[in-house]
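Notes for the one structure printed next.
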Protein chains: 2
Amino acid sequence: MTSLAEENYLKAIYKLHEKNGGMVSTSALAETLKVSAASVTDFIKKIAVKKLVSYEKSKGVILTEKGRLIAVNIIRKHRLWEVWLVNKLDFRWDEVHEIAEQLEHVISDELIAQLDKHLGYPTADPHGDLIPDAKGHFAKSISKPLLDCSKGDLVKFIGVAEHSNSFLQYLTKNNINLGDEFLVTAIEEFDNTFQVKVNNKMQKHLSKEVVKNLLVVINN
Amino acid sequence: MTSLAEENYLKAIYKLHEKNGGMVSTSALAETLKVSAASVTDFIKKIAVKKLVSYEKSKGVILTEKGRLIAVNIIRKHRLWEVWLVNKLDFRWDEVHEIAEQLEHVISDELIAQLDKHLGYPTADPHGDLIPDAKGHFAKSISKPLLDCSKGDLVKFIGVAEHSNSFLQYLTKNNINLGDEFLVTAIEEFDNTFQVKVNNKMQKHLSKEVVKNLLVVINN
DNA sequence: ATATATTATTAGGCTCATCTAATTTATTTT
DNA sequence: AAAATAAATTAGATGAGCCTAATAATATAT
């Protein structure tokens with residue numbers, strides 16, 4: 001059916017397309033999957049035959065609907081497992097990715113249905129990423145980077161755009177957590193650094209790199 | 001490190017040795033792993049080089065301590081996952097084996113430690129099989145088949161010797177559950193059928209095949 | 001103790017997912 | 001537009017884990 005390698009290729013194609021749009025290049029896939037470009041060319045030719053991607057020689061690939069459904073289903077499983085790891089097993093949000101990378105490949109629709117129920121049908125994972133439903137449908141995201149906010153905005157921090165452990169740990173270390181309320185008290189035009197008041201208590205000074213990766217929704 | 005195939009071979013060798021004692025034959029492994037005898041010969045030569053088994057040509061294999069530790073660890077993971085599936089996700093005891101077969105290969109000592117804690121450090125899986133500790137040590141089993149009991153014995157049903165879905169479903173259908181108390185009211189010498197009073201309520205007539213596979217401990 | 005039947009091993013090959021090196025195609029730069 | 005650089009593809013090979021068919025070793029029966 002769908003091998004481990006196939007699942008990983010489809011997921012990588014999905015994520016790269018989501019990030020950069022358009023066709024996904026051989027080299028980008030080689031980079032994210034840590035295999036040679038030659039291996040990628042080989043493999044995508046095989047999954048193109050299976051109608052999981054459409055492939056234009058030397059241009060790149062894009063998922064077909066069939067391929068997209070498989071990819072989204074893996075993402076659904078990945079995010080549900082992450083919720084479980086954080087909410088039930090007390091892992092931190094910077095510890096769960098690698099474990100979920102393994103769990104996402106376990107095959108059992110029954111299992112995922114029961115897990116979803118056990119977790120109370122969560123709509124987002126511990127990083128604020130939306131969890132698609134069993135049919136591969138995502139809720140419409142209403143968040144935007146804090147960078148796009150204006151002085152005086154009162155917002156709620158609901159997700160991260162960057163998932164690196166170093167960024168997650170930076171936030172934890174600085175006591176910035178999902179659900180926090182930010183009031184933008186000042187924006188420095190010159191370097192795009194933000195002054196925010198967190199939960200109406202501590203004042204924080206955040207770099208452009210940080211505010212670009214904090215996803216927020218306008219509060220009320 | 002340890003591939004999926006390797007884990008499955010080691011587990012199969014462990015289980016066959018546990019069941020039949022002595023060296024494990026090529027044909028028995030081929031049968032349980034559903035591969036050809038030639039593949040088994042090939043594979044055990046490889047894991048013998050890795051010192052996971054000791055192999056005597058045409059005699060069979062037996063696990064080394066190194067191999068045994070890996071096998072027991074997989075069994076530990078399998079049984080912990082089964083407990084989770086039944087206790088937390090509400091699966092029935094006849095539904096969990098196949099799912100646990102996949103989950104047991106997930107690699108993360110941290111995960112297993114947290115899962116164990118989340119489950120309250122269980123000592124047996126939903127079929128009454130003992131769960132080894134993280135060092136690969138089993139508690140000494142004190143159960144025996146109901147078949148070995150005598151008239152008048154008051155015992156507690158704590159495990160099954162046979163794990164087939166048909167047997168598990170037979171028990172469920174007949175409302176015989178782990179933890180039930182049996183009073184042996186009569187034994188038919190001729191065919192080894194047992195009359196038992198379950199939980200001091202219903203009287204049941206059990207075949208030899210059944211009483212052979214019900215594991216019990218003497219109550220008080 | 002020899003013949004028969006069973007079980008195990010060897011020999012040779014296959015597929016999957018990967019690799020490196022060589023070549024071709026596409027994109028930039030001058 | 002030609003030259004230089006970058007990206008993608010092809011060709012040929014490898015290791016893991018499996019296969020079938022042929023042979024060898026062991027166990028069983030006569």
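If you're wondering about the labels, chains in the structure tokens are A, B, ... by order shown, residues count from 1 in each chain, ligands from 1 in order shown.
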Next item on the list: Do a neighbour search on DC18 of chain D at 9 Å with only C-alpha atoms (C1' of nucleotides), toss out local chain neighbours closer than 6 positions, and write the hits as number ranges by chain.
Entry: B: 35-36, 39; C: 14-15
Suppose we keep C-alpha atoms (C1' of nucleotides); can you now write the selection as a PDB file, in the first residue's frame?
ATOM      1  CA  VAL B  35       8.673 -16.035   5.391  1.00  0.00           C
ATOM      2  CA  SER B  36      10.501 -18.877   3.675  1.00  0.00           C
ATOM      3  CA  SER B  39      15.074 -16.290   4.355  1.00  0.00           C
TER       4      SER B  39
ATOM      5  C1'  DC C  14      14.285 -10.068  -7.286  1.00  0.00           C
ATOM      6  C1'  DT C  15      12.477  -5.465  -5.469  1.00  0.00           C
TER       7       DT C  15
END
Checklist line | Expected answer as a PyMOL selection string: strand (DSSP E) residues in segment 6-220 of chain A | finding: chain A and resi 53-56+60-63+144-145+154-160+181-188+193-198+202-206+214-218
List every residue of chain A that has an atom at most 8 Å from any atom of chain B, and for each one report the closest atom pair and its distance in Å to one decimal, counting only C-alpha atoms, with rows sorted by chain and then by increasing residue number, as JSON lines.
{"residue": "A:Lys88", "atom": "CA", "partner": "B:His118", "partner_atom": "CA", "distance": 7.4}
{"residue": "A:Leu89", "atom": "CA", "partner": "B:Gln114", "partner_atom": "CA", "distance": 5.8}
{"residue": "A:Asp90", "atom": "CA", "partner": "B:Gln114", "partner_atom": "CA", "distance": 7.8}
{"residue": "A:Ile99", "atom": "CA", "partner": "B:Ser108", "partner_atom": "CA", "distance": 7.0}
{"residue": "A:Gln102", "atom": "CA", "partner": "B:Val106", "partner_atom": "CA", "distance": 6.1}
{"residue": "A:Leu103", "atom": "CA", "partner": "B:Val106", "partner_atom": "CA", "distance": 6.8}
{"residue": "A:Val106", "atom": "CA", "partner": "B:Gln102", "partner_atom": "CA", "distance": 6.1}
{"residue": "A:Ile107", "atom": "CA", "partner": "B:Ile99", "partner_atom": "CA", "distance": 7.7}
{"residue": "A:Ser108", "atom": "CA", "partner": "B:Ile99", "partner_atom": "CA", "distance": 7.0}
{"residue": "A:Leu111", "atom": "CA", "partner": "B:Ile99", "partner_atom": "CA", "distance": 7.7}
{"residue": "A:Gln114", "atom": "CA", "partner": "B:Leu89", "partner_atom": "CA", "distance": 5.8}
{"residue": "A:Leu115", "atom": "CA", "partner": "B:Leu89", "partner_atom": "CA", "distance": 6.6}
{"residue": "A:His118", "atom": "CA", "partner": "B:Leu89", "partner_atom": "CA", "distance": 6.3}
Item checked: Per-residue DSSP, chain B, filtered to helix (DSSP H, G or I), as a PyMOL selection string -> chain B and resi 4-20+26-33+37-49+65-87+97-103+109-118+146-148+165-173+208-213
At a cut-off of 10 Å, can you tabulate as JSON lines every residue of chain D near chain B together with its closest atom pair and the distance in Å to one decimal, using only C-alpha atoms (C1' of nucleotides) and ordering rows by chain then number?
{"residue": "D:DA16", "atom": "C1'", "partner": "B:Ala5", "partner_atom": "CA", "distance": 9.7}
{"residue": "D:DG17", "atom": "C1'", "partner": "B:Ser39", "partner_atom": "CA", "distance": 7.8}
{"residue": "D:DC18", "atom": "C1'", "partner": "B:Ser39", "partner_atom": "CA", "distance": 6.4}
{"residue": "D:DC19", "atom": "C1'", "partner": "B:Ser36", "partner_atom": "CA", "distance": 7.7}
{"residue": "D:DT20", "atom": "C1'", "partner": "B:Ala38", "partner_atom": "CA", "distance": 9.5}
{"residue": "D:DA25", "atom": "C1'", "partner": "B:Ser58", "partner_atom": "CA", "distance": 7.4}
{"residue": "D:DT26", "atom": "C1'", "partner": "B:Ser58", "partner_atom": "CA", "distance": 8.1}
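The gap separating atom CA of His97 of chain B from atom CA of Lys34 of chain B is 17.1 Å, in Å to one decimal.
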